[in-house]
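Okay, my_file-v6.cif is below, mmCIF, N, CA and C atoms and all ligand atoms:
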```
data_model
#
loop_
_atom_site.label_atom_id
_atom_site.label_comp_id
_atom_site.auth_asym_id
_atom_site.auth_seq_id
_atom_site.Cartn_x
_atom_site.Cartn_y
_atom_site.Cartn_z
N MET Z 3 1.16 10.24 -8.36
CA MET Z 3 0.06 10.26 -7.41
C MET Z 3 0.01 8.93 -6.63
N ILE Z 4 -0.46 9.03 -5.41
CA ILE Z 4 -0.58 7.85 -4.56
C ILE Z 4 -2.07 7.56 -4.36
N ALA Z 5 -2.48 6.33 -4.62
CA ALA Z 5 -3.87 5.93 -4.40
C ALA Z 5 -4.02 5.41 -2.98
N LEU Z 6 -5.05 5.89 -2.29
CA LEU Z 6 -5.26 5.51 -0.89
C LEU Z 6 -6.62 4.84 -0.72
N GLY Z 7 -6.66 3.86 0.17
CA GLY Z 7 -7.94 3.23 0.48
C GLY Z 7 -7.90 2.57 1.84
N CYS Z 8 -9.07 2.40 2.42
CA CYS Z 8 -9.15 1.77 3.74
C CYS Z 8 -10.57 1.22 3.93
N ASP Z 9 -10.74 0.41 4.96
CA ASP Z 9 -12.08 0.08 5.43
C ASP Z 9 -12.25 0.78 6.77
N HIS Z 10 -13.34 0.45 7.47
CA HIS Z 10 -13.60 1.12 8.75
C HIS Z 10 -12.48 0.90 9.75
N GLY Z 11 -11.83 -0.29 9.70
CA GLY Z 11 -10.74 -0.60 10.63
C GLY Z 11 -9.50 0.24 10.38
N GLY Z 12 -9.36 0.73 9.17
CA GLY Z 12 -8.16 1.50 8.82
C GLY Z 12 -8.41 2.98 8.66
N TYR Z 13 -9.66 3.39 8.87
CA TYR Z 13 -10.04 4.79 8.58
C TYR Z 13 -9.18 5.81 9.35
N ASN Z 14 -9.01 5.62 10.64
CA ASN Z 14 -8.26 6.61 11.43
C ASN Z 14 -6.79 6.66 11.06
N LEU Z 15 -6.19 5.50 10.87
CA LEU Z 15 -4.77 5.48 10.49
C LEU Z 15 -4.58 6.11 9.12
N LEU Z 16 -5.49 5.85 8.18
CA LEU Z 16 -5.33 6.47 6.87
C LEU Z 16 -5.41 7.99 6.98
N GLY Z 17 -6.20 8.48 7.91
CA GLY Z 17 -6.26 9.93 8.14
C GLY Z 17 -4.90 10.46 8.55
N GLU Z 18 -4.18 9.71 9.38
CA GLU Z 18 -2.84 10.16 9.80
C GLU Z 18 -1.85 10.09 8.63
N ILE Z 19 -2.03 9.09 7.79
CA ILE Z 19 -1.16 8.98 6.60
C ILE Z 19 -1.42 10.15 5.66
N LYS Z 20 -2.68 10.51 5.49
CA LYS Z 20 -3.01 11.66 4.63
C LYS Z 20 -2.40 12.94 5.18
N ALA Z 21 -2.43 13.12 6.49
CA ALA Z 21 -1.84 14.32 7.10
C ALA Z 21 -0.33 14.35 6.82
N MET Z 22 0.32 13.19 6.88
CA MET Z 22 1.77 13.12 6.60
C MET Z 22 2.03 13.48 5.13
N LEU Z 23 1.20 12.96 4.23
CA LEU Z 23 1.38 13.25 2.80
C LEU Z 23 1.12 14.74 2.52
N ASP Z 24 0.13 15.30 3.19
CA ASP Z 24 -0.15 16.74 3.04
C ASP Z 24 1.06 17.56 3.44
N GLU Z 25 1.66 17.18 4.57
CA GLU Z 25 2.83 17.90 5.08
C GLU Z 25 3.99 17.85 4.09
N SER Z 26 4.13 16.71 3.41
CA SER Z 26 5.24 16.53 2.46
C SER Z 26 4.85 16.95 1.05
N CYS Z 27 3.63 17.50 0.88
CA CYS Z 27 3.14 17.92 -0.43
C CYS Z 27 3.14 16.77 -1.45
N VAL Z 28 2.80 15.57 -1.00
CA VAL Z 28 2.68 14.41 -1.90
C VAL Z 28 1.22 14.32 -2.35
N ALA Z 29 1.02 14.26 -3.68
CA ALA Z 29 -0.35 14.20 -4.22
C ALA Z 29 -0.94 12.82 -4.01
N TYR Z 30 -2.21 12.76 -3.65
CA TYR Z 30 -2.88 11.46 -3.48
C TYR Z 30 -4.34 11.57 -3.89
N LYS Z 31 -4.93 10.40 -4.12
CA LYS Z 31 -6.37 10.31 -4.39
C LYS Z 31 -6.94 9.31 -3.39
N ASP Z 32 -7.91 9.75 -2.63
CA ASP Z 32 -8.50 8.90 -1.59
C ASP Z 32 -9.74 8.22 -2.15
N PHE Z 33 -9.69 6.89 -2.23
CA PHE Z 33 -10.81 6.11 -2.78
C PHE Z 33 -11.79 5.67 -1.69
N GLY Z 34 -11.60 6.14 -0.44
CA GLY Z 34 -12.50 5.78 0.65
C GLY Z 34 -12.05 4.49 1.33
N THR Z 35 -12.78 4.10 2.35
CA THR Z 35 -14.06 4.55 2.81
C THR Z 35 -13.93 5.90 3.55
N PHE Z 36 -15.02 6.58 3.77
CA PHE Z 36 -14.95 7.92 4.30
C PHE Z 36 -15.57 8.07 5.68
N SER Z 37 -15.74 6.96 6.39
CA SER Z 37 -16.24 7.03 7.76
C SER Z 37 -15.87 5.72 8.47
N GLU Z 38 -16.21 5.65 9.75
CA GLU Z 38 -15.93 4.42 10.51
C GLU Z 38 -17.09 3.42 10.44
N GLU Z 39 -18.04 3.70 9.57
CA GLU Z 39 -19.16 2.77 9.40
C GLU Z 39 -18.66 1.48 8.74
N SER Z 40 -19.15 0.36 9.22
CA SER Z 40 -18.68 -0.93 8.72
C SER Z 40 -18.86 -1.04 7.20
N CYS Z 41 -17.82 -1.56 6.54
CA CYS Z 41 -17.87 -1.71 5.07
C CYS Z 41 -17.02 -2.91 4.68
N ASP Z 42 -16.92 -3.16 3.39
CA ASP Z 42 -16.21 -4.35 2.88
C ASP Z 42 -14.88 -3.98 2.24
N TYR Z 43 -13.79 -4.43 2.85
CA TYR Z 43 -12.45 -4.03 2.38
C TYR Z 43 -12.17 -4.35 0.90
N PRO Z 44 -12.72 -5.45 0.31
CA PRO Z 44 -12.36 -5.71 -1.10
C PRO Z 44 -12.81 -4.60 -2.04
N ASP Z 45 -13.90 -3.91 -1.68
CA ASP Z 45 -14.38 -2.82 -2.55
C ASP Z 45 -13.30 -1.76 -2.72
N TYR Z 46 -12.61 -1.44 -1.66
CA TYR Z 46 -11.60 -0.37 -1.69
C TYR Z 46 -10.26 -0.89 -2.22
N ALA Z 47 -9.97 -2.15 -1.92
CA ALA Z 47 -8.75 -2.75 -2.47
C ALA Z 47 -8.81 -2.75 -3.99
N LYS Z 48 -9.99 -3.07 -4.54
CA LYS Z 48 -10.12 -3.13 -6.01
C LYS Z 48 -9.97 -1.75 -6.64
N LEU Z 49 -10.52 -0.73 -6.00
CA LEU Z 49 -10.40 0.63 -6.55
C LEU Z 49 -8.95 1.10 -6.58
N VAL Z 50 -8.26 0.88 -5.48
CA VAL Z 50 -6.85 1.31 -5.40
C VAL Z 50 -5.99 0.47 -6.34
N ALA Z 51 -6.21 -0.83 -6.37
CA ALA Z 51 -5.44 -1.72 -7.25
C ALA Z 51 -5.67 -1.32 -8.72
N GLY Z 52 -6.90 -0.99 -9.07
CA GLY Z 52 -7.20 -0.59 -10.44
C GLY Z 52 -6.48 0.69 -10.82
N SER Z 53 -6.43 1.63 -9.89
CA SER Z 53 -5.76 2.90 -10.16
C SER Z 53 -4.26 2.69 -10.37
N VAL Z 54 -3.66 1.82 -9.58
CA VAL Z 54 -2.22 1.56 -9.73
C VAL Z 54 -1.96 0.74 -10.99
N ALA Z 55 -2.75 -0.29 -11.22
CA ALA Z 55 -2.53 -1.16 -12.39
C ALA Z 55 -2.71 -0.40 -13.70
N SER Z 56 -3.62 0.56 -13.72
CA SER Z 56 -3.88 1.33 -14.95
C SER Z 56 -2.82 2.40 -15.21
N GLY Z 57 -2.01 2.68 -14.18
CA GLY Z 57 -0.99 3.72 -14.32
C GLY Z 57 -1.48 5.09 -13.86
N GLU Z 58 -2.75 5.17 -13.45
CA GLU Z 58 -3.26 6.46 -12.95
C GLU Z 58 -2.48 6.88 -11.71
N SER Z 59 -2.19 5.88 -10.86
CA SER Z 59 -1.39 6.14 -9.65
C SER Z 59 -0.09 5.37 -9.72
N GLU Z 60 0.94 5.98 -9.18
CA GLU Z 60 2.27 5.36 -9.19
C GLU Z 60 2.33 4.22 -8.18
N ARG Z 61 1.75 4.46 -7.01
CA ARG Z 61 1.72 3.47 -5.93
C ARG Z 61 0.44 3.63 -5.13
N GLY Z 62 0.19 2.65 -4.25
CA GLY Z 62 -1.00 2.73 -3.42
C GLY Z 62 -0.71 2.34 -1.98
N ILE Z 63 -1.58 2.79 -1.11
CA ILE Z 63 -1.53 2.38 0.30
C ILE Z 63 -2.94 1.98 0.71
N LEU Z 64 -3.06 0.78 1.29
CA LEU Z 64 -4.34 0.25 1.75
C LEU Z 64 -4.25 -0.09 3.23
N VAL Z 65 -5.26 0.29 3.98
CA VAL Z 65 -5.25 0.03 5.42
C VAL Z 65 -6.57 -0.65 5.83
N CYS Z 66 -6.46 -1.77 6.52
CA CYS Z 66 -7.63 -2.39 7.15
C CYS Z 66 -7.20 -2.80 8.57
N GLY Z 67 -7.98 -3.63 9.22
CA GLY Z 67 -7.65 -3.97 10.60
C GLY Z 67 -6.31 -4.68 10.72
N THR Z 68 -6.13 -5.71 9.91
CA THR Z 68 -4.88 -6.48 9.95
C THR Z 68 -3.97 -6.20 8.76
N GLY Z 69 -4.54 -5.66 7.70
CA GLY Z 69 -3.80 -5.49 6.44
C GLY Z 69 -3.86 -6.74 5.59
N ILE Z 70 -4.34 -7.83 6.17
CA ILE Z 70 -4.33 -9.12 5.44
C ILE Z 70 -5.39 -9.14 4.35
N GLY Z 71 -6.61 -8.78 4.70
CA GLY Z 71 -7.69 -8.80 3.71
C GLY Z 71 -7.37 -7.90 2.53
N MET Z 72 -6.88 -6.72 2.82
CA MET Z 72 -6.52 -5.78 1.75
C MET Z 72 -5.45 -6.36 0.83
N SER Z 73 -4.44 -7.02 1.42
CA SER Z 73 -3.36 -7.55 0.58
C SER Z 73 -3.85 -8.71 -0.27
N ILE Z 74 -4.68 -9.58 0.31
CA ILE Z 74 -5.21 -10.69 -0.48
C ILE Z 74 -6.04 -10.15 -1.64
N ALA Z 75 -6.91 -9.19 -1.35
CA ALA Z 75 -7.80 -8.66 -2.38
C ALA Z 75 -7.02 -7.89 -3.45
N ALA Z 76 -6.09 -7.04 -3.04
CA ALA Z 76 -5.35 -6.22 -4.02
C ALA Z 76 -4.51 -7.09 -4.95
N ASN Z 77 -3.97 -8.17 -4.42
CA ASN Z 77 -3.10 -9.02 -5.25
C ASN Z 77 -3.86 -9.83 -6.30
N LYS Z 78 -5.18 -9.76 -6.30
CA LYS Z 78 -5.98 -10.42 -7.35
C LYS Z 78 -5.95 -9.64 -8.66
N THR Z 79 -5.55 -8.38 -8.58
CA THR Z 79 -5.49 -7.55 -9.79
C THR Z 79 -4.15 -7.73 -10.48
N ARG Z 80 -4.19 -8.04 -11.78
CA ARG Z 80 -2.95 -8.27 -12.53
C ARG Z 80 -2.05 -7.04 -12.49
N GLY Z 81 -0.78 -7.28 -12.23
CA GLY Z 81 0.18 -6.18 -12.20
C GLY Z 81 0.37 -5.59 -10.81
N ILE Z 82 -0.45 -6.07 -9.86
CA ILE Z 82 -0.32 -5.55 -8.50
C ILE Z 82 0.57 -6.46 -7.66
N ARG Z 83 1.49 -5.82 -6.98
CA ARG Z 83 2.33 -6.50 -5.99
C ARG Z 83 2.12 -5.77 -4.67
N ALA Z 84 1.14 -6.27 -3.92
CA ALA Z 84 0.77 -5.63 -2.65
C ALA Z 84 1.50 -6.34 -1.51
N ALA Z 85 2.17 -5.58 -0.67
CA ALA Z 85 2.95 -6.15 0.43
C ALA Z 85 2.42 -5.65 1.77
N LEU Z 86 2.10 -6.59 2.62
CA LEU Z 86 1.71 -6.26 4.00
C LEU Z 86 2.98 -6.11 4.83
N CYS Z 87 3.19 -4.93 5.38
CA CYS Z 87 4.41 -4.67 6.15
C CYS Z 87 4.08 -4.18 7.56
N GLY Z 88 4.79 -4.75 8.53
CA GLY Z 88 4.64 -4.33 9.92
C GLY Z 88 5.96 -3.88 10.50
N ASP Z 89 6.98 -3.75 9.65
CA ASP Z 89 8.29 -3.29 10.12
C ASP Z 89 9.00 -2.55 9.00
N CYS Z 90 9.97 -1.73 9.39
CA CYS Z 90 10.67 -0.86 8.43
C CYS Z 90 11.54 -1.65 7.45
N PHE Z 91 12.18 -2.71 7.93
CA PHE Z 91 13.06 -3.50 7.07
C PHE Z 91 12.27 -4.11 5.92
N SER Z 92 11.11 -4.68 6.24
CA SER Z 92 10.27 -5.29 5.19
C SER Z 92 9.82 -4.24 4.19
N ALA Z 93 9.48 -3.05 4.68
CA ALA Z 93 9.03 -1.98 3.78
C ALA Z 93 10.16 -1.60 2.81
N GLU Z 94 11.37 -1.52 3.32
CA GLU Z 94 12.50 -1.19 2.44
C GLU Z 94 12.75 -2.31 1.43
N MET Z 95 12.76 -3.54 1.93
CA MET Z 95 13.13 -4.66 1.05
C MET Z 95 12.05 -4.97 0.01
N THR Z 96 10.79 -4.75 0.37
CA THR Z 96 9.75 -5.05 -0.63
C THR Z 96 9.76 -4.04 -1.75
N ARG Z 97 10.28 -2.85 -1.50
CA ARG Z 97 10.50 -1.90 -2.59
C ARG Z 97 11.77 -2.28 -3.36
N ARG Z 98 12.85 -2.54 -2.67
CA ARG Z 98 14.12 -2.80 -3.34
C ARG Z 98 14.11 -4.11 -4.13
N HIS Z 99 13.51 -5.14 -3.59
CA HIS Z 99 13.58 -6.46 -4.22
C HIS Z 99 12.31 -6.89 -4.95
N ASN Z 100 11.15 -6.50 -4.46
CA ASN Z 100 9.88 -6.96 -5.08
C ASN Z 100 9.22 -5.89 -5.94
N ASP Z 101 9.75 -4.68 -5.90
CA ASP Z 101 9.10 -3.55 -6.59
C ASP Z 101 7.61 -3.50 -6.23
N ALA Z 102 7.31 -3.73 -4.95
CA ALA Z 102 5.91 -3.69 -4.50
C ALA Z 102 5.30 -2.35 -4.87
N ASN Z 103 4.07 -2.40 -5.40
CA ASN Z 103 3.44 -1.13 -5.80
C ASN Z 103 2.27 -0.75 -4.90
N ILE Z 104 1.90 -1.62 -3.96
CA ILE Z 104 0.91 -1.24 -2.94
C ILE Z 104 1.41 -1.69 -1.57
N LEU Z 105 1.34 -0.78 -0.63
CA LEU Z 105 1.67 -1.10 0.77
C LEU Z 105 0.36 -1.34 1.52
N CYS Z 106 0.30 -2.45 2.25
CA CYS Z 106 -0.86 -2.73 3.10
C CYS Z 106 -0.43 -2.63 4.56
N LEU Z 107 -1.27 -2.00 5.34
CA LEU Z 107 -0.98 -1.82 6.76
C LEU Z 107 -2.16 -2.32 7.60
N GLY Z 108 -1.86 -2.86 8.76
CA GLY Z 108 -2.88 -3.31 9.69
C GLY Z 108 -3.00 -2.34 10.85
N ALA Z 109 -4.07 -1.58 10.87
CA ALA Z 109 -4.21 -0.52 11.89
C ALA Z 109 -4.42 -1.08 13.29
N ARG Z 110 -4.90 -2.34 13.38
CA ARG Z 110 -5.10 -2.95 14.69
C ARG Z 110 -3.88 -3.75 15.13
N VAL Z 111 -2.84 -3.72 14.31
CA VAL Z 111 -1.62 -4.49 14.59
C VAL Z 111 -0.43 -3.57 14.79
N THR Z 112 -0.33 -2.58 13.91
CA THR Z 112 0.84 -1.70 13.88
C THR Z 112 0.46 -0.31 14.39
N GLY Z 113 1.19 0.18 15.37
CA GLY Z 113 0.94 1.51 15.94
C GLY Z 113 1.14 2.60 14.89
N ALA Z 114 0.49 3.73 15.13
CA ALA Z 114 0.49 4.80 14.13
C ALA Z 114 1.90 5.33 13.85
N GLY Z 115 2.71 5.50 14.88
CA GLY Z 115 4.06 6.04 14.68
C GLY Z 115 4.88 5.16 13.76
N LEU Z 116 4.84 3.87 14.02
CA LEU Z 116 5.58 2.91 13.18
C LEU Z 116 4.97 2.85 11.79
N ALA Z 117 3.65 2.84 11.71
CA ALA Z 117 2.99 2.75 10.40
C ALA Z 117 3.36 3.94 9.51
N LEU Z 118 3.46 5.11 10.08
CA LEU Z 118 3.84 6.29 9.29
C LEU Z 118 5.27 6.17 8.78
N LYS Z 119 6.14 5.66 9.62
CA LYS Z 119 7.54 5.47 9.20
C LYS Z 119 7.62 4.43 8.08
N ILE Z 120 6.86 3.35 8.22
CA ILE Z 120 6.82 2.31 7.19
C ILE Z 120 6.33 2.91 5.86
N ALA Z 121 5.28 3.72 5.93
CA ALA Z 121 4.73 4.34 4.72
C ALA Z 121 5.77 5.26 4.08
N GLN Z 122 6.47 6.02 4.91
CA GLN Z 122 7.50 6.94 4.40
C GLN Z 122 8.59 6.16 3.68
N ILE Z 123 9.06 5.09 4.29
CA ILE Z 123 10.11 4.27 3.67
C ILE Z 123 9.61 3.67 2.36
N PHE Z 124 8.38 3.17 2.38
CA PHE Z 124 7.80 2.55 1.19
C PHE Z 124 7.76 3.56 0.02
N LEU Z 125 7.41 4.79 0.33
CA LEU Z 125 7.27 5.79 -0.73
C LEU Z 125 8.61 6.33 -1.21
N GLU Z 126 9.63 6.27 -0.35
CA GLU Z 126 10.92 6.89 -0.71
C GLU Z 126 11.94 5.91 -1.29
N THR Z 127 11.71 4.61 -1.13
CA THR Z 127 12.73 3.63 -1.53
C THR Z 127 12.54 3.18 -2.97
N PRO Z 128 13.58 3.31 -3.80
CA PRO Z 128 13.47 2.85 -5.20
C PRO Z 128 13.69 1.33 -5.34
N PHE Z 129 13.28 0.80 -6.49
CA PHE Z 129 13.51 -0.61 -6.85
C PHE Z 129 14.97 -0.78 -7.24
N ASP Z 130 15.59 -1.87 -6.79
CA ASP Z 130 16.99 -2.13 -7.11
C ASP Z 130 17.19 -2.55 -8.57
N GLY Z 131 16.16 -3.17 -9.17
CA GLY Z 131 16.30 -3.67 -10.55
C GLY Z 131 17.28 -4.82 -10.62
N GLY Z 132 18.02 -4.94 -11.76
CA GLY Z 132 19.01 -6.01 -11.92
C GLY Z 132 18.37 -7.38 -11.83
N ARG Z 133 18.95 -8.27 -11.05
CA ARG Z 133 18.44 -9.64 -10.94
C ARG Z 133 17.02 -9.67 -10.37
N HIS Z 134 16.68 -8.66 -9.62
CA HIS Z 134 15.33 -8.61 -9.03
C HIS Z 134 14.27 -8.34 -10.10
N ALA Z 135 14.64 -7.64 -11.15
CA ALA Z 135 13.68 -7.37 -12.24
C ALA Z 135 13.27 -8.68 -12.90
N ARG Z 136 14.23 -9.57 -13.12
CA ARG Z 136 13.93 -10.88 -13.72
C ARG Z 136 12.94 -11.65 -12.85
N ARG Z 137 13.15 -11.61 -11.55
CA ARG Z 137 12.29 -12.35 -10.63
C ARG Z 137 10.89 -11.75 -10.57
N VAL Z 138 10.83 -10.43 -10.59
CA VAL Z 138 9.52 -9.76 -10.56
C VAL Z 138 8.75 -10.10 -11.83
N GLU Z 139 9.47 -10.14 -12.99
CA GLU Z 139 8.80 -10.51 -14.25
C GLU Z 139 8.21 -11.90 -14.16
N LYS Z 140 8.90 -12.81 -13.47
CA LYS Z 140 8.41 -14.19 -13.36
C LYS Z 140 7.13 -14.29 -12.53
N ILE Z 141 6.86 -13.31 -11.69
CA ILE Z 141 5.64 -13.33 -10.88
C ILE Z 141 4.42 -13.27 -11.79
N GLU Z 142 4.47 -12.44 -12.81
CA GLU Z 142 3.32 -12.27 -13.70
C GLU Z 142 3.14 -13.46 -14.64
N GLY Z 143 4.21 -14.21 -14.86
CA GLY Z 143 4.12 -15.42 -15.68
C GLY Z 143 4.04 -15.14 -17.18
C1 LIG Z 201 -12.88 -5.73 9.64
O1 LIG Z 201 -13.48 -6.08 10.85
C2 LIG Z 201 -11.63 -6.55 9.41
O2 LIG Z 201 -11.98 -7.86 9.09
C3 LIG Z 201 -10.80 -5.94 8.31
O3 LIG Z 201 -10.47 -4.63 8.66
C4 LIG Z 201 -9.49 -6.63 7.98
O4 LIG Z 201 -8.75 -6.85 9.13
C5 LIG Z 201 -9.59 -7.80 7.12
O5 LIG Z 201 -8.58 -8.43 6.77
#
```
Can you turn what I pasted into structure tokens?
Ligand code: RB5
Amino acid sequence: MIALGCDHGGYNLLGEIKAMLDESCVAYKDFGTFSEESCDYPDYAKLVAGSVASGESERGILVCGTGIGMSIAANKTRGIRAALCGDCFSAEMTRRHNDANILCLGARVTGAGLALKIAQIFLETPFDGGRHARRVEKIEG
């Protein structure tokens, strides 16, 4: 399952991501927010990060205006490796090398077409393991 979350800045883009997941029959749980009314991104980052860290969800996607607030907040949860991506190469490499478990997107920075492609790559790309596993282990200390 994929955990999803956004604030008001990411609400519309997350709707497009949900439509893409529906089309591909990918299961997800939407932790909100559920409207364009102003809200606080850390509330949703914590819910999605908790779901991924507990193992309830395999991965997560968080969307806010820039993606920055979501990534800062999500990375406070132990076991979370949240990566803000604005290009396809970074999305591929953060899965292959960092085993990132949450993708953060900036809806006011990255156009919807590109953001959907980034999300698709993030969800489809496996971790390379090997020497990268040792490095990822060192992140947790
Ligand atoms: C909300 O205005 C905005 O600050 C938020 O969506 C995000 O960009 C924070 O990092």
As a quick test: using only C-alpha atoms and all ligand atoms, which residues lie no more than 10 Å away from ligand LIG 201 (chain Z)? Give them as a ChimeraX atom specification. /Z:8-13,40-44,65-75,107-111
Report the distance between atom CA of Z:Asn77 and atom C of Z:Ala47 in Å, rounded to one decimal place.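 Atom-to-atom, atom CA of Z:Asn77 to atom C of Z:Ala47, that is 8.6 Å.
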Of the candidates Z:Asn14, Z:Val54, Z:Thr79, Z:Gly62, which one gets nearest to Z:Glu39 if we count only C-alpha atoms? Z:Asn14
Residues near Z:Ile141, anyone? I mean within 10 Å using only C-alpha atoms, not counting same-chain ones fewer than 4 positions away, as a PyMOL selection string. chain Z and resi 81+83+100+136-137
Just checking: using only N, CA and C atoms, which residue out of Z:Val28, Z:Leu64, Z:Cys87, Z:Ala135 ends up closest to Z:Thr112?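 Selected residue with least distance to Z:Thr112: Z:Cys87.
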Within 8 Å of Z:Phe129, counting only N, CA and C atoms, which residues qualify if same-chain residues fewer than 3 places away don't, as a list of chain:residue names?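 Listed by chain and then number, they are Z:Thr96, Z:Arg97, Z:Arg98, Z:His99, Z:Asn100, Z:Asp101, Z:Ala102, Z:Glu126, Z:Gly132, Z:Ala135.
Compared by their closest atoms to Z:Phe36, and using only C-alpha atoms, the residues Z:Ile63, Z:Asp89, Z:Lys48, Z:Leu6 rank with Z:Leu6 nearest.
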As JSON, numbers by chain, please: all residues of stretch 6-89 of chain Z that backbone DSSP puts in helix (DSSP H, G or I). {"Z": [10, 11, 12, 13, 14, 15, 16, 17, 18, 19, 20, 21, 22, 23, 24, 25, 43, 44, 45, 46, 47, 48, 49, 50, 51, 52, 53, 54, 55, 70, 71, 72, 73, 74, 75, 76]}
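Secondary structure of chain Z, strand (DSSP E or B) only (DSSP, backbone atoms): Ile4, Ala5, Leu6, Gly7, Cys8, Tyr30, Lys31, Asp32, Arg61, Gly62, Ile63, Leu64, Val65, Cys66, Ala84, Ala85, Leu86, Ile104, Leu105, Cys106, Leu107 and Gly108 of chain Z.
You will find atom N of Z:Cys27 at 13.9 Å from atom C of Z:Leu118.
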Counting only N, CA and C atoms, write as a PDB file with N, CA and C atoms, keeping the file's coordinate frame all protein and nucleic acid residues lying at most 8 Å from (-2.3, -0.8, -9.0) in the file's frame.
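See selection.pdb below for the written result:
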```pdb
ATOM      1  N   LEU Z  49     -10.520  -0.730  -6.000  1.00  0.00           N
ATOM      2  CA  LEU Z  49     -10.400   0.630  -6.550  1.00  0.00           C
ATOM      3  C   LEU Z  49      -8.950   1.100  -6.580  1.00  0.00           C
ATOM      4  N   VAL Z  50      -8.260   0.880  -5.480  1.00  0.00           N
ATOM      5  CA  VAL Z  50      -6.850   1.310  -5.400  1.00  0.00           C
ATOM      6  C   VAL Z  50      -5.990   0.470  -6.340  1.00  0.00           C
ATOM      7  N   ALA Z  51      -6.210  -0.830  -6.370  1.00  0.00           N
ATOM      8  CA  ALA Z  51      -5.440  -1.720  -7.250  1.00  0.00           C
ATOM      9  C   ALA Z  51      -5.670  -1.320  -8.720  1.00  0.00           C
ATOM     10  N   GLY Z  52      -6.900  -0.990  -9.070  1.00  0.00           N
ATOM     11  CA  GLY Z  52      -7.200  -0.590 -10.440  1.00  0.00           C
ATOM     12  C   GLY Z  52      -6.480   0.690 -10.820  1.00  0.00           C
ATOM     13  N   SER Z  53      -6.430   1.630  -9.890  1.00  0.00           N
ATOM     14  CA  SER Z  53      -5.760   2.900 -10.160  1.00  0.00           C
ATOM     15  C   SER Z  53      -4.260   2.690 -10.370  1.00  0.00           C
ATOM     16  N   VAL Z  54      -3.660   1.820  -9.580  1.00  0.00           N
ATOM     17  CA  VAL Z  54      -2.220   1.560  -9.730  1.00  0.00           C
ATOM     18  C   VAL Z  54      -1.960   0.740 -10.990  1.00  0.00           C
ATOM     19  N   ALA Z  55      -2.750  -0.290 -11.220  1.00  0.00           N
ATOM     20  CA  ALA Z  55      -2.530  -1.160 -12.390  1.00  0.00           C
ATOM     21  C   ALA Z  55      -2.710  -0.400 -13.700  1.00  0.00           C
ATOM     22  N   SER Z  56      -3.620   0.560 -13.720  1.00  0.00           N
ATOM     23  CA  SER Z  56      -3.880   1.330 -14.950  1.00  0.00           C
ATOM     24  C   SER Z  56      -2.820   2.400 -15.210  1.00  0.00           C
ATOM     25  N   GLY Z  57      -2.010   2.680 -14.180  1.00  0.00           N
ATOM     26  CA  GLY Z  57      -0.990   3.720 -14.320  1.00  0.00           C
ATOM     27  C   GLY Z  57      -1.480   5.090 -13.860  1.00  0.00           C
ATOM     28  N   GLU Z  58      -2.750   5.170 -13.450  1.00  0.00           N
ATOM     29  CA  GLU Z  58      -3.260   6.460 -12.950  1.00  0.00           C
ATOM     30  C   GLU Z  58      -2.480   6.880 -11.710  1.00  0.00           C
ATOM     31  N   SER Z  59      -2.190   5.880 -10.860  1.00  0.00           N
ATOM     32  CA  SER Z  59      -1.390   6.140  -9.650  1.00  0.00           C
ATOM     33  C   SER Z  59      -0.090   5.370  -9.720  1.00  0.00           C
ATOM     34  N   GLU Z  60       0.940   5.980  -9.180  1.00  0.00           N
ATOM     35  CA  GLU Z  60       2.270   5.360  -9.190  1.00  0.00           C
ATOM     36  C   GLU Z  60       2.330   4.220  -8.180  1.00  0.00           C
ATOM     37  N   ARG Z  61       1.750   4.460  -7.010  1.00  0.00           N
ATOM     38  CA  ARG Z  61       1.720   3.470  -5.930  1.00  0.00           C
ATOM     39  C   ARG Z  61       0.440   3.630  -5.130  1.00  0.00           C
ATOM     40  N   GLY Z  62       0.190   2.650  -4.250  1.00  0.00           N
ATOM     41  CA  GLY Z  62      -1.000   2.730  -3.420  1.00  0.00           C
ATOM     42  C   GLY Z  62      -0.710   2.340  -1.980  1.00  0.00           C
ATOM     43  N   ALA Z  76      -6.090  -7.040  -3.040  1.00  0.00           N
ATOM     44  CA  ALA Z  76      -5.350  -6.220  -4.020  1.00  0.00           C
ATOM     45  C   ALA Z  76      -4.510  -7.090  -4.950  1.00  0.00           C
ATOM     46  N   THR Z  79      -5.550  -8.380  -8.580  1.00  0.00           N
ATOM     47  CA  THR Z  79      -5.490  -7.550  -9.790  1.00  0.00           C
ATOM     48  C   THR Z  79      -4.150  -7.730 -10.480  1.00  0.00           C
ATOM     49  N   ARG Z  80      -4.190  -8.040 -11.780  1.00  0.00           N
ATOM     50  CA  ARG Z  80      -2.950  -8.270 -12.530  1.00  0.00           C
ATOM     51  C   ARG Z  80      -2.050  -7.040 -12.490  1.00  0.00           C
ATOM     52  N   GLY Z  81      -0.780  -7.280 -12.230  1.00  0.00           N
ATOM     53  CA  GLY Z  81       0.180  -6.180 -12.200  1.00  0.00           C
ATOM     54  C   GLY Z  81       0.370  -5.590 -10.810  1.00  0.00           C
ATOM     55  N   ILE Z  82      -0.450  -6.070  -9.860  1.00  0.00           N
ATOM     56  CA  ILE Z  82      -0.320  -5.550  -8.500  1.00  0.00           C
ATOM     57  C   ILE Z  82       0.570  -6.460  -7.660  1.00  0.00           C
ATOM     58  N   ARG Z  83       1.490  -5.820  -6.980  1.00  0.00           N
ATOM     59  CA  ARG Z  83       2.330  -6.500  -5.990  1.00  0.00           C
ATOM     60  C   ARG Z  83       2.120  -5.770  -4.670  1.00  0.00           C
ATOM     61  N   ASN Z 103       4.070  -2.400  -5.400  1.00  0.00           N
ATOM     62  CA  ASN Z 103       3.440  -1.130  -5.800  1.00  0.00           C
ATOM     63  C   ASN Z 103       2.270  -0.750  -4.900  1.00  0.00           C
ATOM     64  N   ILE Z 104       1.900  -1.620  -3.960  1.00  0.00           N
ATOM     65  CA  ILE Z 104       0.910  -1.240  -2.940  1.00  0.00           C
ATOM     66  C   ILE Z 104       1.410  -1.690  -1.570  1.00  0.00           C
TER      67      ILE Z 104
END
```
When you count only N, CA and C atoms, which of these residues is closest to Z:Ala29: Z:Met95, Z:Cys106, Z:Ala5, Z:Ala85?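 Of Z:Met95, Z:Cys106, Z:Ala5, Z:Ala85, the one nearest Z:Ala29, counting only N, CA and C atoms, is Z:Ala5.
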